[in-house]
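*Asks:* Structure provided below as structure tokens; questions to follow.
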Number of protein chains: 2
Amino acid sequence: MAALADPTRRAILDRLRDGPRAVGDLAAGLPVSRPAVSQHLRVLCDAGLLAVTPEGNRRLYALVPGGISDLRYYLDGLWDDALDAFARAARAEGTRKPDPKPQKE
Amino acid sequence: MAALADPTRRAILDRLRDGPRAVGDLAAGLPVSRPAVSQHLRVLCDAGLLAVTPEGNRRLYALVPGGISDLRYYLDGLWDDALDAFARAARAEGTRKPDPKPQKE
DNA sequence: CATCTGCGTTAGTCATGTCTTACCGTAAGC
DNA sequence: GCTTACGGTAAGACATGACTAACGCAGATG
């Protein structure tokens, strides 16, 4: 979760949406140096969000859907509990009001 | 997004899953002081994840589903693109056909 | 009206994390 | 076999952020 905090790492993930890319290719489109990109890639790999594929002399980094799935699950539960707490608070606030049942999308 | 990076803020969100709570109540169950909790609450409110309801002398903080929805949407798009890129990479690997230019560079 | 509780704010200190420069190992090309 | 391109690593400077202590303000209570 902390891996998504840095905007540079978010930019790296955005660059990887189209497919795997090499380190130099990523660093060319980012305002930071290549070692910084390597460090961010290490963090993202350690978080399980990225996978590396050595392709000859280069190293191709790609998104790993499994790592994102975990975060989605966490936010899903938080969203569900937030809706539940919101409905309960609204019900407690006005007893005369009808039961506000929010739809979960 | 950066608001979810700090573990203390995540703990605050977890405490708020059951419903709105006051600052002192939150700080009592956390290993940090009350002012720190106030600062984290300010950050979370600024991020749109929390809403405050002055209840007499106290201030009740509650989860706002809308703020979580935005993060869910972002992760949803990232998940979708990751799956797409993964399927494309698997197809390129399996068919072993000489792709002319799969990358969009 | 006086006092107490609860909360937000500020200033200051300290830890964490990010970026850069320099260096080394490894794979391709002549 | 030598040179070049590519990428990871280490050390250091720097900025950002989190935490505590002290203070001030508003609402409730007697």
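Letters for chains follow the order of the structure tokens (A, B, ...), residue numbers begin at 1 for each chain, and ligand numbers begin at 1 in the order shown.
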Show which residues sit within 7 Å of Ala82 in chain A, as number ranges by chain. Count only C-alpha atoms (C1' of nucleotides), and ignore same-chain residues fewer than 3 positions away.

*Replies:* A: 78-79, 85-86; B: 17, 63-65

*Asks:* Can I get the selected residues back with N, CA, C and O atoms, as an mmCIF file, in the first residue's frame?

*Replies:*
data_model
loop_
_atom_site.group_PDB
_atom_site.id
_atom_site.type_symbol
_atom_site.label_atom_id
_atom_site.label_comp_id
_atom_site.auth_asym_id
_atom_site.auth_seq_id
_atom_site.Cartn_x
_atom_site.Cartn_y
_atom_site.Cartn_z
ATOM 1 N N LEU A 78 -13.360 -1.790 2.886
ATOM 2 C CA LEU A 78 -13.499 -0.467 3.491
ATOM 3 C C LEU A 78 -14.727 0.253 2.933
ATOM 4 O O LEU A 78 -15.485 0.889 3.672
ATOM 5 N N TRP A 79 -14.909 0.141 1.641
ATOM 6 C CA TRP A 79 -16.077 0.741 0.995
ATOM 7 C C TRP A 79 -17.368 0.156 1.567
ATOM 8 O O TRP A 79 -18.312 0.895 1.890
ATOM 9 N N ALA A 85 -21.785 1.881 7.737
ATOM 10 C CA ALA A 85 -21.752 2.859 8.823
ATOM 11 C C ALA A 85 -22.537 4.111 8.449
ATOM 12 O O ALA A 85 -23.215 4.712 9.292
ATOM 13 N N PHE A 86 -22.459 4.479 7.183
ATOM 14 C CA PHE A 86 -23.182 5.667 6.726
ATOM 15 C C PHE A 86 -24.696 5.447 6.857
ATOM 16 O O PHE A 86 -25.421 6.310 7.366
ATOM 17 N N ARG B 17 -14.520 1.893 10.794
ATOM 18 C CA ARG B 17 -15.370 0.989 10.015
ATOM 19 C C ARG B 17 -16.690 0.725 10.732
ATOM 20 O O ARG B 17 -17.721 0.495 10.096
ATOM 21 N N LEU B 63 -16.415 7.810 7.979
ATOM 22 C CA LEU B 63 -15.941 7.498 6.633
ATOM 23 C C LEU B 63 -16.868 8.116 5.594
ATOM 24 O O LEU B 63 -18.087 8.172 5.788
ATOM 25 N N VAL B 64 -16.298 8.541 4.496
ATOM 26 C CA VAL B 64 -17.063 9.069 3.366
ATOM 27 C C VAL B 64 -16.893 8.099 2.196
ATOM 28 O O VAL B 64 -15.785 7.950 1.677
ATOM 29 N N PRO B 65 -17.950 7.417 1.818
ATOM 30 C CA PRO B 65 -17.806 6.433 0.729
ATOM 31 C C PRO B 65 -17.292 7.046 -0.563
ATOM 32 O O PRO B 65 -16.604 6.381 -1.346
#

*Asks:* Applying 7 Å and only C-alpha atoms (C1' of nucleotides), which residues near Pro20 in chain A remain after dropping the ones on its own chain fewer than 3 positions away? List them as a PyMOL selection string.

*Replies:* chain A and resi 16+60-62

*Asks:* Could you please write out, as a ChimeraX atom specification, every residue of chain A that DSSP assigns to helix (DSSP H, G or I)?

*Replies:* /A:2-4,7-15,23-28,34-46,65-93

*Asks:* Using only C-alpha atoms (C1' of nucleotides), which protein or nucleic acid residues come within 10 Å of DC4 in chain C? Drop anything in the same chain fewer than 5 positions from it, and give the result as a list in words.

*Replies:*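 Skipping anything fewer than 5 positions along the chain leaves DA28, DT29 and DG30 of chain D.
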
*Asks:* Once chain A is best-fit onto chain B by all Cα atoms in order, what RMSD in Å is left?

*Replies:*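 In short, the RMSD is 5.3 Å.
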
*Asks:* So that I can see what lies close to DA13 in chain D, please list as a list in words the residues with an atom at most 12 Å from it, counting only C-alpha atoms (C1' of nucleotides) and leaving out residues fewer than 3 positions away in the same chain.

*Replies:*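 Using only C-alpha atoms (C1' of nucleotides), the neighbours found are DT18, DC19, DT20 and DT21 of chain C.
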
*Asks:* Store the residues picked out above in a file with C-alpha atoms (C1' of nucleotides), as a PDB file, in the first residue's frame.

*Replies:*
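Final output, part.pdb:
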ATOM      1  C1'  DT C  18      13.800  10.021  -2.145  1.00  0.00           C
ATOM      2  C1'  DC C  19      17.252  11.685  -5.417  1.00  0.00           C
ATOM      3  C1'  DT C  20      21.939  12.111  -7.311  1.00  0.00           C
ATOM      4  C1'  DT C  21      26.813  10.804  -8.302  1.00  0.00           C
TER       5       DT C  21
END

*Asks:* Determine, using only C-alpha atoms (C1' of nucleotides), which residues of chain D have any atom at most 8 Å from an atom of chain A, and tabulate each with its shortest atom pair and distance in Å to one decimal place, rows ordered by chain and then rising number, as a Markdown table.

*Replies:*
| residue | atom | partner | partner_atom | distance |
| --- | --- | --- | --- | --- |
| D:DC6 | C1' | A:Arg58 | CA | 6.3 |
| D:DG7 | C1' | A:Arg58 | CA | 7.3 |
| D:DG8 | C1' | A:Ser38 | CA | 7.3 |

*Asks:* For the interface of chain C with chain B (cut-off 10 Å, counting only C-alpha atoms (C1' of nucleotides)), please tabulate each contacting residue of chain C alongside its nearest pair of atoms and their separation in Å to one decimal, rows sorted by chain and increasing number, as a Markdown table.

*Replies:*
| residue | atom | partner | partner_atom | distance |
| --- | --- | --- | --- | --- |
| C:DT5 | C1' | B:Asn57 | CA | 8.5 |
| C:DG6 | C1' | B:Arg58 | CA | 6.2 |
| C:DC7 | C1' | B:Arg58 | CA | 7.3 |
| C:DG8 | C1' | B:Ser38 | CA | 7.3 |
| C:DT9 | C1' | B:Pro35 | CA | 8.9 |

*Asks:* Go ahead and dump the residues you just picked, C-alpha atoms (C1' of nucleotides), as a CSV table (one decimal), in the first residue's frame.

*Replies:*
chain,number,residue,atom,x,y,z
C,5,DT,C1',-13.5,18.5,29.5
C,6,DG,C1',-12.5,18.0,24.7
C,7,DC,C1',-10.3,19.4,20.5
C,8,DG,C1',-7.5,22.0,17.2
C,9,DT,C1',-3.1,24.5,16.3

*Asks:* Run DSSP on the backbone of this structure and report the residues of chain B it assigns to strand (DSSP E), as number ranges by chain.

*Replies:* B: 50-55, 58-63

*Asks:* At a cut-off of 10 Å, list the chain B residues touching chain A, using only C-alpha atoms, as a ChimeraX atom specification.

*Replies:* /B:1-7,10,13-14,16-20,49-50,62-69,71-89,102-105

*Asks:* Export C-alpha atoms of the chosen residues as a compact mmCIF listing (two decimals), in the first residue's frame?

*Replies:*
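The new file result.txt reads:
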# COMPACT_ATOMS: atom_id res chain seq x y z
CA MET B 1 -3.79 8.12 -2.27
CA ALA B 2 -0.87 9.29 -0.20
CA ALA B 3 -3.32 9.58 2.69
CA LEU B 4 -3.48 5.78 2.86
CA ALA B 5 0.28 5.39 3.02
CA ASP B 6 0.67 5.94 6.75
CA PRO B 7 -0.17 2.91 8.91
CA ARG B 10 -4.98 3.08 8.04
CA LEU B 13 -9.83 4.16 9.03
CA ASP B 14 -10.13 0.67 10.49
CA LEU B 16 -14.00 4.04 11.80
CA ARG B 17 -15.37 0.99 10.01
CA ASP B 18 -17.87 0.41 12.81
CA GLY B 19 -19.15 3.98 12.73
CA PRO B 20 -18.31 7.56 13.64
CA LEU B 49 -12.01 10.26 2.90
CA LEU B 50 -13.52 11.50 6.17
CA ALA B 62 -16.93 9.23 9.86
CA LEU B 63 -15.94 7.50 6.63
CA VAL B 64 -17.06 9.07 3.37
CA PRO B 65 -17.81 6.43 0.73
CA GLY B 66 -17.18 8.90 -2.08
CA GLY B 67 -13.50 9.30 -1.30
CA ILE B 68 -12.98 5.55 -1.26
CA SER B 69 -14.87 5.22 -4.51
CA LEU B 71 -9.44 5.08 -5.21
CA ARG B 72 -11.46 2.03 -6.14
CA TYR B 73 -11.96 3.46 -9.60
CA TYR B 74 -8.23 4.08 -10.03
CA LEU B 75 -7.30 0.57 -8.93
CA ASP B 76 -10.04 -0.82 -11.14
CA GLY B 77 -8.53 0.80 -14.22
CA LEU B 78 -5.06 -0.32 -13.24
CA TRP B 79 -6.30 -3.85 -12.68
CA ASP B 80 -8.01 -3.90 -16.07
CA ASP B 81 -4.95 -2.61 -17.90
CA ALA B 82 -2.73 -5.04 -16.03
CA LEU B 83 -4.89 -7.97 -17.09
CA ASP B 84 -4.94 -6.73 -20.67
CA ALA B 85 -1.18 -6.27 -20.78
CA PHE B 86 -0.70 -9.68 -19.17
CA ALA B 87 -2.94 -11.39 -21.73
CA ARG B 88 -1.17 -9.60 -24.57
CA ALA B 89 2.24 -10.63 -23.25
CA PRO B 102 3.41 -4.38 -30.37
CA GLN B 103 4.79 -1.57 -28.25
CA LYS B 104 3.37 1.88 -28.75
CA GLU B 105 6.64 3.77 -28.56

*Asks:* For CA of Arg9 in chain B and CA of Ala47 in chain B, quote the distance in Å rounded to one decimal.

*Replies:*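 CA of Arg9 in chain B sits 11.7 Å away from CA of Ala47 in chain B.
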
*Asks:* Skipping near chain neighbours, those fewer than 5 positions away, what residues fall within 12 Å of DT13 in chain C using only C-alpha atoms (C1' of nucleotides), listed as number ranges by chain?

*Replies:* D: 18-21

*Asks:* Have a look at CA of Arg91 in chain B and CA of Asp70 in chain A and let me know their distance in Å, one decimal.

*Replies:*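 CA of Asp70 in chain A lies 25.0 Å from CA of Arg91 in chain B.
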
*Asks:* If you measure from CA of Leu30 in chain B to C1' of DG12 in chain C, what distance in Å do you get, rounded to one decimal?

*Replies:*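 So the two atoms, CA of Leu30 in chain B and C1' of DG12 in chain C, lie 23.0 Å apart.
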